[in-house]
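So this block is model-v3.csv, CSV, C-alpha atoms and all ligand atoms:
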chain,number,residue,atom,x,y,z
A,1,MET,CA,-10.4,-25.5,-12.1
A,2,SER,CA,-13.9,-25.9,-10.5
A,3,ARG,CA,-17.1,-25.3,-12.5
A,4,LEU,CA,-17.9,-22.3,-10.4
A,5,CYS,CA,-14.5,-20.8,-11.1
A,6,ARG,CA,-14.9,-21.4,-14.8
A,7,PHE,CA,-18.3,-19.7,-14.8
A,8,LEU,CA,-17.1,-16.7,-12.8
A,9,LYS,CA,-14.1,-16.3,-15.0
A,10,LEU,CA,-16.3,-16.1,-18.1
A,11,ALA,CA,-18.9,-13.9,-16.5
A,12,PHE,CA,-16.4,-11.4,-15.2
A,13,ALA,CA,-14.3,-11.3,-18.3
A,14,VAL,CA,-17.4,-10.4,-20.4
A,15,VAL,CA,-19.5,-8.4,-18.0
A,16,VAL,CA,-17.0,-6.3,-16.1
A,17,PRO,CA,-15.4,-4.4,-19.0
A,18,VAL,CA,-19.0,-3.4,-20.1
A,19,MET,CA,-19.7,-2.2,-16.6
A,20,ILE,CA,-16.6,-0.1,-16.5
A,21,GLY,CA,-17.4,1.6,-19.8
A,22,THR,CA,-20.9,2.6,-18.7
A,23,SER,CA,-20.7,3.4,-15.0
A,24,ALA,CA,-21.8,6.9,-14.2
A,25,VAL,CA,-20.7,7.3,-10.6
A,26,ALA,CA,-19.2,10.8,-10.3
A,27,PHE,CA,-16.0,11.4,-8.4
A,28,ALA,CA,-14.4,14.6,-9.4
A,29,GLY,CA,-15.6,18.0,-10.7
A,30,THR,CA,-19.0,18.0,-9.0
A,31,ASP,CA,-20.1,21.0,-6.9
A,32,PRO,CA,-19.6,20.6,-4.0
A,33,ALA,CA,-16.9,18.1,-4.7
A,34,GLN,CA,-17.3,14.8,-2.8
A,35,PHE,CA,-15.6,11.5,-2.5
A,36,ALA,CA,-17.8,8.5,-3.2
A,37,PRO,CA,-16.0,5.5,-1.7
A,38,GLY,CA,-16.3,2.5,-4.0
A,39,GLY,CA,-17.5,4.4,-7.0
A,40,VAL,CA,-15.7,4.6,-10.3
A,41,TRP,CA,-13.3,7.5,-9.9
A,42,ARG,CA,-12.3,9.1,-13.2
A,43,ASP,CA,-9.3,11.3,-14.1
A,44,THR,CA,-9.6,14.7,-15.8
A,45,ASP,CA,-9.7,12.9,-19.2
A,46,GLY,CA,-12.7,10.8,-18.1
A,47,ASN,CA,-10.8,7.6,-17.8
A,48,PRO,CA,-11.1,5.4,-14.7
A,49,ILE,CA,-8.2,6.1,-12.4
A,50,ASP,CA,-5.7,3.2,-12.6
A,51,ALA,CA,-3.5,3.5,-9.5
A,52,HIS,CA,-4.1,0.5,-7.1
A,53,ALA,CA,-2.5,-0.2,-3.7
A,54,GLY,CA,-0.5,3.0,-4.0
A,55,CYS,CA,0.3,6.1,-2.1
A,56,ILE,CA,0.2,9.9,-2.3
A,57,LEU,CA,3.2,12.2,-2.1
A,58,PHE,CA,2.7,15.9,-1.5
A,59,HIS,CA,5.5,17.9,-3.1
A,60,GLU,CA,5.7,21.7,-3.8
A,61,GLY,CA,2.0,22.2,-3.6
A,62,ILE,CA,1.0,19.2,-5.7
A,63,TYR,CA,-0.4,15.8,-4.7
A,64,TYR,CA,1.0,12.9,-6.7
A,65,TRP,CA,-1.0,9.7,-6.6
A,66,TYR,CA,1.0,6.6,-7.6
A,67,GLY,CA,-0.3,3.0,-7.9
A,68,GLU,CA,-0.3,-0.3,-9.7
A,69,ALA,CA,-1.4,0.2,-13.3
A,70,LYS,CA,-3.5,-2.7,-14.4
A,71,ALA,CA,-5.8,-1.3,-17.1
A,72,GLY,CA,-5.8,-2.8,-20.6
A,73,ARG,CA,-3.8,-5.8,-19.5
A,74,THR,CA,-4.5,-9.5,-20.1
A,75,PHE,CA,-6.8,-11.1,-17.6
A,76,LEU,CA,-5.1,-14.2,-16.3
A,77,PRO,CA,-7.2,-16.3,-13.9
A,78,ASP,CA,-5.9,-19.4,-12.4
A,79,CYS,CA,-8.3,-20.7,-9.8
A,80,ASN,CA,-5.9,-23.4,-8.5
A,81,LYS,CA,-3.4,-21.0,-7.1
A,82,SER,CA,-3.2,-20.5,-3.3
A,83,TRP,CA,-2.2,-16.8,-3.6
A,84,GLY,CA,-5.6,-15.7,-4.7
A,85,GLY,CA,-6.2,-17.2,-8.1
A,86,THR,CA,-6.3,-14.2,-10.4
A,87,ARG,CA,-3.8,-11.7,-11.7
A,88,VAL,CA,-3.4,-9.3,-14.6
A,89,ASP,CA,-0.2,-8.7,-16.5
A,90,MET,CA,1.6,-5.8,-14.9
A,91,ALA,CA,1.6,-2.4,-16.8
A,92,GLY,CA,3.9,-0.6,-14.4
A,93,VAL,CA,3.4,2.2,-11.8
A,94,SER,CA,1.0,5.0,-12.8
A,95,CYS,CA,1.1,8.6,-11.6
A,96,TYR,CA,-1.6,11.2,-11.3
A,97,SER,CA,-1.4,14.8,-10.1
A,98,SER,CA,-3.8,17.1,-8.3
A,99,THR,CA,-3.9,20.3,-6.4
A,100,ASN,CA,-7.1,19.6,-4.5
A,101,LEU,CA,-7.3,15.8,-4.1
A,102,TYR,CA,-10.5,15.6,-6.1
A,103,ASP,CA,-9.4,16.3,-9.7
A,104,TRP,CA,-6.6,14.0,-10.9
A,105,LYS,CA,-4.7,14.5,-14.1
A,106,SER,CA,-3.0,11.4,-15.6
A,107,GLU,CA,0.8,11.9,-15.8
A,108,GLY,CA,1.2,8.5,-17.5
A,109,LEU,CA,3.5,5.7,-16.2
A,110,ALA,CA,6.2,6.8,-13.8
A,111,LEU,CA,7.7,3.3,-14.1
A,112,PRO,CA,6.5,1.4,-17.1
A,113,ALA,CA,6.7,-2.4,-17.5
A,114,VAL,CA,9.4,-3.6,-19.9
A,115,SER,CA,8.0,-6.1,-22.4
A,116,GLY,CA,10.0,-8.5,-24.5
A,117,ALA,CA,12.8,-9.1,-22.0
A,118,PRO,CA,13.1,-11.1,-18.8
A,119,GLY,CA,13.5,-9.2,-15.6
A,120,ASP,CA,11.6,-7.8,-12.7
A,121,LEU,CA,9.6,-5.3,-14.8
A,122,ASN,CA,8.5,-7.9,-17.4
A,123,PRO,CA,4.6,-7.7,-17.5
A,124,GLY,CA,4.4,-11.4,-16.5
A,125,ASN,CA,5.9,-10.6,-13.1
A,126,VAL,CA,4.5,-8.7,-10.1
A,127,VAL,CA,5.1,-5.1,-9.1
A,128,GLU,CA,2.8,-4.2,-6.2
A,129,ARG,CA,2.2,-1.6,-3.6
A,130,PRO,CA,4.5,1.2,-4.9
A,131,LYS,CA,5.4,3.8,-2.3
A,132,ILE,CA,7.3,7.0,-3.2
A,133,ILE,CA,9.2,9.2,-0.8
A,134,TYR,CA,11.3,12.3,-1.4
A,135,ASN,CA,14.8,12.6,-0.1
A,136,ARG,CA,15.6,16.2,0.9
A,137,LYS,CA,19.4,15.5,1.0
A,138,THR,CA,19.8,13.9,-2.4
A,139,LYS,CA,16.7,15.7,-3.9
A,140,GLN,CA,15.7,12.4,-5.4
A,141,PHE,CA,12.3,10.7,-5.5
A,142,VAL,CA,12.7,7.1,-4.4
A,143,MET,CA,10.1,4.5,-5.3
A,144,TRP,CA,10.0,1.2,-3.2
A,145,MET,CA,7.8,-1.7,-4.3
A,146,HIS,CA,7.1,-5.4,-3.9
A,147,ILE,CA,8.7,-7.3,-6.7
A,148,ASP,CA,7.7,-10.9,-7.3
A,149,SER,CA,7.4,-13.7,-9.8
A,150,ALA,CA,3.9,-14.5,-11.1
A,151,ASP,CA,3.5,-17.2,-8.4
A,152,TYR,CA,4.8,-14.9,-5.7
A,153,HIS,CA,7.7,-17.2,-4.7
A,154,GLU,CA,10.5,-14.5,-5.0
A,155,ALA,CA,9.3,-12.1,-2.3
A,156,ARG,CA,11.7,-9.2,-3.0
A,157,LEU,CA,11.9,-5.4,-2.6
A,158,GLY,CA,12.5,-3.3,-5.6
A,159,VAL,CA,13.8,0.3,-5.8
A,160,ALA,CA,13.8,3.0,-8.5
A,161,VAL,CA,14.8,6.7,-8.5
A,162,SER,CA,13.9,9.9,-10.3
A,163,ASP,CA,14.7,13.6,-10.3
A,164,SER,CA,11.1,14.4,-11.0
A,165,PRO,CA,8.0,13.3,-9.2
A,166,THR,CA,6.3,12.2,-12.4
A,167,GLY,CA,9.3,10.1,-13.5
A,168,PRO,CA,10.5,8.4,-15.5
A,169,PHE,CA,12.0,6.5,-12.6
A,170,THR,CA,15.2,4.5,-13.2
A,171,TYR,CA,14.9,1.0,-11.9
A,172,ARG,CA,17.8,0.0,-9.6
A,173,GLY,CA,16.9,-3.7,-9.1
A,174,SER,CA,15.5,-5.9,-6.4
A,175,PHE,CA,16.8,-7.7,-3.4
A,176,ARG,CA,15.9,-9.7,-0.3
A,177,PRO,CA,16.5,-7.3,2.6
A,178,ASP,CA,18.6,-7.7,5.7
A,179,ALA,CA,20.7,-10.6,4.6
A,180,GLY,CA,23.2,-11.8,7.2
A,181,VAL,CA,21.8,-9.6,10.0
A,182,TRP,CA,19.7,-10.6,13.0
A,183,PRO,CA,16.8,-8.3,14.0
A,184,LEU,CA,17.2,-6.0,17.0
A,185,ASN,CA,14.8,-8.1,19.0
A,186,VAL,CA,16.1,-11.6,18.0
A,187,THR,CA,16.0,-14.4,20.6
A,188,ASP,CA,18.3,-17.4,20.8
A,189,ALA,CA,15.4,-19.6,19.7
A,190,ASP,CA,14.9,-17.3,16.6
A,191,LYS,CA,18.5,-18.1,15.6
A,192,THR,CA,18.0,-21.9,15.7
A,193,ALA,CA,17.2,-23.4,12.3
A,194,GLY,CA,14.2,-25.7,12.3
A,195,THR,CA,10.9,-26.3,10.6
A,196,GLY,CA,8.9,-23.2,10.4
A,197,ASN,CA,11.7,-20.9,11.4
A,198,TYR,CA,11.8,-18.8,8.3
A,199,LEU,CA,13.9,-16.0,9.9
A,200,ALA,CA,16.8,-18.5,10.4
A,201,ARG,CA,16.2,-20.2,7.0
A,202,ASP,CA,16.5,-16.9,5.2
A,203,PHE,CA,19.3,-15.4,7.3
A,204,GLN,CA,22.0,-15.7,4.7
A,205,LYS,CA,20.0,-15.1,1.5
A,206,GLY,CA,17.9,-12.2,2.9
A,207,GLN,CA,14.4,-12.0,4.4
A,208,MET,CA,11.3,-12.5,2.3
A,209,ALA,CA,9.5,-9.2,1.5
A,210,ARG,CA,6.0,-9.0,0.1
A,211,ASP,CA,3.3,-6.4,1.1
A,212,MET,CA,5.2,-3.3,2.1
A,213,THR,CA,5.1,0.4,2.8
A,214,VAL,CA,7.6,3.2,3.6
A,215,PHE,CA,7.4,5.8,6.3
A,216,VAL,CA,9.5,9.0,6.7
A,217,ASP,CA,9.9,10.2,10.3
A,218,ASP,CA,10.1,13.8,11.4
A,219,ASP,CA,13.9,13.5,11.6
A,220,GLY,CA,14.1,12.5,8.0
A,221,LYS,CA,14.9,8.8,8.7
A,222,ALA,CA,13.0,6.4,6.5
A,223,TYR,CA,11.7,2.9,7.3
A,224,ILE,CA,10.3,0.1,5.3
A,225,PHE,CA,7.7,-2.2,6.7
A,226,TYR,CA,7.4,-5.5,4.8
A,227,ALA,CA,5.5,-8.8,5.3
A,228,SER,CA,8.2,-11.4,5.8
A,229,GLU,CA,8.7,-15.0,7.0
A,230,GLU,CA,6.2,-16.5,4.6
A,231,ASN,CA,3.9,-13.5,5.4
A,232,SER,CA,3.7,-14.6,9.1
A,233,THR,CA,5.6,-11.7,10.6
A,234,MET,CA,6.2,-8.1,9.7
A,235,HIS,CA,9.6,-6.5,9.7
A,236,VAL,CA,10.4,-2.8,10.1
A,237,SER,CA,13.8,-1.9,8.7
A,238,LEU,CA,15.7,1.4,8.6
A,239,LEU,CA,16.7,2.7,5.2
A,240,THR,CA,20.1,4.2,4.5
A,241,ASP,CA,20.3,8.0,4.5
A,242,ASP,CA,19.9,8.0,0.7
A,243,TYR,CA,16.8,5.8,1.1
A,244,LEU,CA,18.1,3.4,-1.6
A,245,LYS,CA,19.0,0.4,0.6
A,246,THR,CA,18.1,-1.2,3.9
A,247,ALA,CA,20.6,-0.1,6.6
A,248,GLY,CA,20.9,-3.5,8.4
A,249,LYS,CA,18.8,-2.4,11.5
A,250,TYR,CA,15.4,-4.0,11.8
A,251,SER,CA,13.0,-5.6,14.1
A,252,ARG,CA,10.2,-8.2,13.9
A,253,ILE,CA,6.8,-6.9,14.8
A,254,LEU,CA,3.3,-8.4,15.0
A,255,VAL,CA,5.0,-11.8,15.2
A,256,GLY,CA,3.0,-14.6,13.8
A,257,ARG,CA,0.0,-12.4,13.1
A,258,SER,CA,0.0,-12.8,9.3
A,259,THR,CA,-0.3,-9.1,8.6
A,260,GLU,CA,-0.5,-7.6,5.0
A,261,ALA,CA,-1.2,-4.2,3.4
A,262,PRO,CA,0.6,-2.1,6.0
A,263,ALA,CA,-0.2,1.7,6.2
A,264,VAL,CA,1.8,3.7,8.7
A,265,PHE,CA,1.4,7.2,10.1
A,266,LYS,CA,2.4,9.3,13.2
A,267,HIS,CA,0.0,11.1,15.5
A,268,ASP,CA,0.7,12.8,18.8
A,269,GLY,CA,4.2,11.4,18.8
A,270,LYS,CA,3.1,7.8,18.5
A,271,TYR,CA,3.4,5.5,15.5
A,272,TYR,CA,0.3,3.9,14.1
A,273,LEU,CA,-0.2,1.1,11.7
A,274,ILE,CA,-3.4,-0.1,9.9
A,275,ALA,CA,-3.2,-3.3,8.0
A,276,SER,CA,-5.1,-6.4,6.9
A,277,GLY,CA,-4.8,-10.2,7.5
A,278,CYS,CA,-3.7,-12.5,4.7
A,279,THR,CA,-6.6,-13.7,2.5
A,280,GLY,CA,-5.4,-13.1,-1.1
A,281,TRP,CA,-7.6,-10.6,-2.9
A,282,ASP,CA,-10.5,-11.3,-0.6
A,283,PRO,CA,-11.3,-8.8,2.2
A,284,ASN,CA,-10.9,-9.5,5.9
A,285,THR,CA,-11.0,-7.6,9.1
A,286,ALA,CA,-8.6,-4.7,9.4
A,287,ARG,CA,-6.3,-4.3,12.4
A,288,SER,CA,-4.6,-1.4,13.9
A,289,ALA,CA,-1.6,-1.1,16.2
A,290,VAL,CA,0.3,1.7,18.1
A,291,ALA,CA,4.0,2.0,19.2
A,292,ASP,CA,6.1,4.6,21.0
A,293,SER,CA,9.2,3.4,19.1
A,294,ILE,CA,9.0,2.5,15.4
A,295,PHE,CA,10.9,-0.7,16.1
A,296,GLY,CA,8.3,-1.7,18.6
A,297,PRO,CA,6.9,-3.2,20.7
A,298,TRP,CA,3.6,-2.6,18.8
A,299,LYS,CA,0.4,-2.9,20.7
A,300,GLU,CA,-2.7,-4.1,18.7
A,301,LEU,CA,-5.8,-1.9,19.0
A,302,GLY,CA,-8.2,-4.0,17.0
A,303,ASN,CA,-10.4,-3.2,14.0
A,304,PRO,CA,-10.5,0.6,13.3
A,305,CYS,CA,-13.5,0.3,10.9
A,306,ALA,CA,-17.1,1.0,12.0
A,307,GLY,CA,-20.3,0.7,10.1
A,308,PRO,CA,-21.8,-1.7,7.5
A,309,ASP,CA,-19.4,-4.5,6.7
A,310,ALA,CA,-16.7,-3.1,9.0
A,311,ASP,CA,-15.6,-6.7,9.7
A,312,LYS,CA,-14.6,-6.9,6.0
A,313,THR,CA,-13.0,-3.4,5.9
A,314,PHE,CA,-16.0,-2.3,3.8
A,315,HIS,CA,-14.8,-4.9,1.2
A,316,GLY,CA,-11.5,-3.2,1.0
A,317,GLN,CA,-7.9,-3.5,2.0
A,318,SER,CA,-5.6,-0.8,3.4
A,319,ALA,CA,-3.1,0.9,1.1
A,320,PHE,CA,-2.0,4.2,2.6
A,321,ILE,CA,-2.7,6.8,5.3
A,322,LEU,CA,-2.5,10.4,3.9
A,323,PRO,CA,-1.7,13.2,6.3
A,324,MET,CA,-3.6,16.2,5.1
A,325,GLN,CA,-1.3,19.1,4.7
A,326,ASP,CA,-3.3,22.0,6.1
A,327,SER,CA,-5.3,20.4,9.0
A,328,ASN,CA,-3.4,17.7,11.0
A,329,LYS,CA,-6.0,15.2,9.8
A,330,PHE,CA,-5.7,11.9,7.9
A,331,ILE,CA,-7.3,10.1,5.1
A,332,PHE,CA,-7.5,6.3,5.1
A,333,MET,CA,-6.9,5.0,1.6
A,334,ALA,CA,-7.9,1.4,0.7
A,335,ASP,CA,-8.5,-0.8,-2.4
A,336,ARG,CA,-11.7,-2.6,-3.1
A,337,TRP,CA,-10.3,-5.5,-5.2
A,338,ASN,CA,-12.3,-7.1,-7.9
A,339,LYS,CA,-10.3,-10.3,-8.0
A,340,TRP,CA,-12.0,-11.5,-11.3
A,341,ALA,CA,-11.2,-8.2,-13.1
A,342,LEU,CA,-8.4,-6.6,-11.1
A,343,ALA,CA,-8.2,-3.6,-13.4
A,344,SER,CA,-11.6,-2.6,-12.4
A,345,SER,CA,-10.9,-2.6,-8.6
A,346,ARG,CA,-12.0,0.5,-6.9
A,347,TYR,CA,-10.9,2.9,-4.2
A,348,LEU,CA,-12.2,3.6,-0.7
A,349,TRP,CA,-10.9,6.8,0.9
A,350,LEU,CA,-12.4,7.7,4.3
A,351,PRO,CA,-11.5,10.2,7.0
A,352,LEU,CA,-9.7,8.8,9.9
A,353,GLU,CA,-10.6,9.9,13.4
A,354,PHE,CA,-9.5,9.0,16.9
A,355,ASP,CA,-11.7,7.6,19.7
A,356,GLY,CA,-10.7,10.4,22.1
A,357,GLN,CA,-7.8,8.2,23.4
A,358,GLU,CA,-5.3,6.4,21.2
A,359,LYS,CA,-7.4,4.2,18.9
A,360,PRO,CA,-7.8,5.2,15.3
A,361,LEU,CA,-11.3,5.0,13.9
A,362,VAL,CA,-12.5,4.8,10.3
A,363,PRO,CA,-16.3,5.1,10.1
A,364,TRP,CA,-18.1,4.4,6.8
A,365,ARG,CA,-19.5,7.3,4.8
A,366,ASN,CA,-21.3,7.0,1.5
A,367,ASN,CA,-20.1,10.4,0.5
A,368,TRP,CA,-17.9,13.0,2.2
A,369,SER,CA,-15.9,16.1,1.4
A,370,LEU,CA,-12.6,17.4,2.7
A,371,SER,CA,-14.4,20.1,4.7
A,372,VAL,CA,-16.0,17.2,6.8
A,373,ALA,CA,-12.6,15.6,7.4
A,374,LYS,CA,-11.1,18.9,8.5
A,375,THR,CA,-13.7,19.5,11.2
A,376,LEU,CA,-13.3,16.1,12.8
A,377,ASN,CA,-12.4,16.3,16.4
A,378,ILE,CA,-8.7,15.3,16.3
A,379,SER,CA,-6.9,17.2,18.9
A,380,GLN,CA,-3.2,17.9,19.4
A,381,ALA,CA,-2.2,16.0,16.2
A,382,SER,CA,1.4,16.0,15.1
A,383,SER,CA,1.8,17.1,11.5
A,384,PRO,CA,3.9,14.6,9.6
A,385,THR,CA,4.4,15.6,5.9
A,386,THR,CA,4.8,13.4,2.9
A,387,GLU,CA,7.8,15.2,1.5
A,401,LIG,C1,-2.9,-9.5,-0.9
A,401,LIG,C2,-2.0,-8.4,-1.1
A,401,LIG,O1,-2.3,-7.4,-0.1
A,401,LIG,C3,-2.0,-7.8,-2.5
A,401,LIG,O2,-1.2,-6.7,-2.6
A,401,LIG,C4,-1.7,-8.9,-3.4
A,401,LIG,O3,-0.4,-9.4,-3.2
A,401,LIG,C5,-2.7,-10.1,-3.2
A,401,LIG,N1,-2.6,-10.5,-1.8
A,401,LIG,C6,-2.4,-11.3,-4.1
A,401,LIG,O4,-3.2,-12.3,-3.8
As structure tokens, please, write out the structure in this file.
Ligand code: DGJ
Amino acid sequence: MSRLCRFLKLAFAVVVPVMIGTSAVAFAGTDPAQFAPGGVWRDTDGNPIDAHAGCILFHEGIYYWYGEAKAGRTFLPDCNKSWGGTRVDMAGVSCYSSTNLYDWKSEGLALPAVSGAPGDLNPGNVVERPKIIYNRKTKQFVMWMHIDSADYHEARLGVAVSDSPTGPFTYRGSFRPDAGVWPLNVTDADKTAGTGNYLARDFQKGQMARDMTVFVDDDGKAYIFYASEENSTMHVSLLTDDYLKTAGKYSRILVGRSTEAPAVFKHDGKYYLIASGCTGWDPNTARSAVADSIFGPWKELGNPCAGPDADKTFHGQSAFILPMQDSNKFIFMADRWNKWALASSRYLWLPLEFDGQEKPLVPWRNNWSLSVAKTLNISQASSPTTE
């Protein structure tokens, strides 16, 4: 561990918890209510919201915000690790509810970590990027997540179910997706084992899956996007009708582009993806892509961000795109990671616009309210819902 690393570890371990306790940045309950991207956002009990890299589900008039729960957990820095160097013990998946997107009530842990026993949900492992969808046929809430060992070598997908949006979710286990199946767009070269051909290497055992998201299409079919092949290439894979497994139909997209943090939405009949590159917890330039078919081909559209530090996604990383229920508009949700004190990482939500053609734009705003987002000039938008 370098001297600088040791210094930062000490400084952040001591200073950051004090900063969290005293910050006065208002998020909710002000009049008029406003979002302050990057501020400390508090729940209705006054505690900082602890729901990182998550998603929002709208169900029967209520928004549910789920995310990685990290508060109160052991700070475990290891500056020698290539995957980013710091982590916290995992607390589980948190859930908050709201009727207006400003005021969030803590609903506790929808999926708690399980201490004292080995297994995916042991606090020493990784549960990241939880995404929850509702299955109208089974009437179940289905949670998908990235499951990993502390050093990220497992690269698996986990799934849990619940009859209630707030849980408790029952964990169904984890797996490597699409074992023994070639993707729809496979080539003969892809099938040939060789150095660096991770698709062929993992054909029997199942493909690697790290950063992920799920997307439910207008016809009720659900798809999971996951960073695969040692994070070099993204896969998009159809889920079974009960949303509990991959169905064995998938394609490789953004091949060799090292894409993480996918967030997917649909607008004007086209599929859109906003994502990041792979730089651990450090920010990089966001990228966007569009496709007529969810399996591709996907055409890259470049960085959607505009304004100060747009080349670093405003020091954030994409998490989710929320379609607003009453206005055909979208909110871009991102995490501003504090890699030395992950539990105090913050949230960037910004209205998403279009450039008049097909490119999504996310301009920076210090403060904004939902009424601003609703008046943005987004014409002819389709209206995907989150339930
Ligand atoms: C970047 C990913 O997007 C995060 O979810 C997390 O896995 C970090 N890498 C770990 O370094």
- [ ] List all protein, DNA and RNA residues that have an atom no more than 8 Å from any atom of ligand LIG 401 (chain A), counting all atoms listed in the file, and report them as a list in words.
- [x]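 After applying the 8 Å limit, what remains is Ala53, Trp83, Gly84, Gly85, Thr86, Arg87, Glu128, Arg129, Tyr152, Arg210, Asp211, Glu260, Ala261, Ser276, Cys278, Thr279, Gly280, Trp281, Asp282 and Gln317 of chain A.
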Task: Selected residue of minimal separation from Ile294 in chain A among A:Val236, A:Leu199, A:Leu111, A:Ile274, counting all atoms listed in the file - done: A:Val236
- [ ] Give me, please, the distance in Å between CA of Trp364 in chain A and CA of Gly307 in chain A, quoted to one decimal.
- [x]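 If I compute the distance from CA of Trp364 in chain A to CA of Gly307 in chain A, I get 5.4 Å.
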TODO: Extract, using all atoms listed in the file, all DNA, RNA and protein residues at most 12 Å from Gly256 in chain A, discarding same-chain residues fewer than 4 positions from it, and format them as an MDAnalysis selection string.
DONE: chainID A and resid 196:199 227:235 252 260 277:278
Open item on the list: Please report the interatomic distance between CA of Lys191 in chain A and CA of Phe203 in chain A in Å with one decimal.
Closed with: 8.8 Å
Would you fill out range 311-324 of chain A with N, CA, C and O atoms and return it as an mmCIF file, in the frame of the given file?
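Here's the written file out_19.cif:
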data_model
loop_
_atom_site.group_PDB
_atom_site.id
_atom_site.type_symbol
_atom_site.label_atom_id
_atom_site.label_comp_id
_atom_site.auth_asym_id
_atom_site.auth_seq_id
_atom_site.Cartn_x
_atom_site.Cartn_y
_atom_site.Cartn_z
ATOM 1 N N ASP A 311 -16.431 -5.497 9.435
ATOM 2 C CA ASP A 311 -15.600 -6.700 9.700
ATOM 3 C C ASP A 311 -14.895 -7.145 8.389
ATOM 4 O O ASP A 311 -14.077 -8.060 8.429
ATOM 5 N N LYS A 312 -15.225 -6.541 7.272
ATOM 6 C CA LYS A 312 -14.600 -6.900 6.000
ATOM 7 C C LYS A 312 -13.879 -5.597 5.432
ATOM 8 O O LYS A 312 -13.700 -5.462 4.215
ATOM 9 N N THR A 313 -13.573 -4.652 6.298
ATOM 10 C CA THR A 313 -13.000 -3.400 5.900
ATOM 11 C C THR A 313 -13.765 -2.774 4.706
ATOM 12 O O THR A 313 -13.213 -2.273 3.729
ATOM 13 N N PHE A 314 -15.103 -2.848 4.829
ATOM 14 C CA PHE A 314 -16.000 -2.300 3.800
ATOM 15 C C PHE A 314 -15.703 -2.948 2.432
ATOM 16 O O PHE A 314 -15.784 -2.301 1.390
ATOM 17 N N HIS A 315 -15.262 -4.206 2.453
ATOM 18 C CA HIS A 315 -14.800 -4.900 1.200
ATOM 19 C C HIS A 315 -13.612 -4.294 0.608
ATOM 20 O O HIS A 315 -13.475 -4.256 -0.619
ATOM 21 N N GLY A 316 -12.740 -3.810 1.445
ATOM 22 C CA GLY A 316 -11.500 -3.200 1.000
ATOM 23 C C GLY A 316 -10.294 -3.713 1.717
ATOM 24 O O GLY A 316 -10.399 -4.584 2.587
ATOM 25 N N GLN A 317 -9.149 -3.149 1.369
ATOM 26 C CA GLN A 317 -7.900 -3.500 2.000
ATOM 27 C C GLN A 317 -7.006 -2.270 2.078
ATOM 28 O O GLN A 317 -6.861 -1.563 1.067
ATOM 29 N N SER A 318 -6.406 -2.014 3.213
ATOM 30 C CA SER A 318 -5.600 -0.800 3.400
ATOM 31 C C SER A 318 -4.506 -0.637 2.385
ATOM 32 O O SER A 318 -3.915 -1.626 1.933
ATOM 33 N N ALA A 319 -4.244 0.614 2.028
ATOM 34 C CA ALA A 319 -3.100 0.900 1.100
ATOM 35 C C ALA A 319 -2.212 1.983 1.653
ATOM 36 O O ALA A 319 -0.993 1.853 1.573
ATOM 37 N N PHE A 320 -2.788 3.042 2.249
ATOM 38 C CA PHE A 320 -2.000 4.200 2.600
ATOM 39 C C PHE A 320 -2.780 5.082 3.560
ATOM 40 O O PHE A 320 -4.008 5.112 3.490
ATOM 41 N N ILE A 321 -2.091 5.809 4.445
ATOM 42 C CA ILE A 321 -2.700 6.800 5.300
ATOM 43 C C ILE A 321 -2.128 8.171 4.843
ATOM 44 O O ILE A 321 -0.916 8.369 4.961
ATOM 45 N N LEU A 322 -2.977 9.063 4.364
ATOM 46 C CA LEU A 322 -2.500 10.400 3.900
ATOM 47 C C LEU A 322 -2.672 11.419 4.963
ATOM 48 O O LEU A 322 -3.796 11.731 5.364
ATOM 49 N N PRO A 323 -1.566 12.013 5.443
ATOM 50 C CA PRO A 323 -1.700 13.200 6.300
ATOM 51 C C PRO A 323 -2.098 14.378 5.510
ATOM 52 O O PRO A 323 -1.441 14.693 4.527
ATOM 53 N N MET A 324 -3.180 15.050 5.866
ATOM 54 C CA MET A 324 -3.600 16.200 5.100
ATOM 55 C C MET A 324 -2.725 17.404 5.457
ATOM 56 O O MET A 324 -2.446 17.642 6.627
#
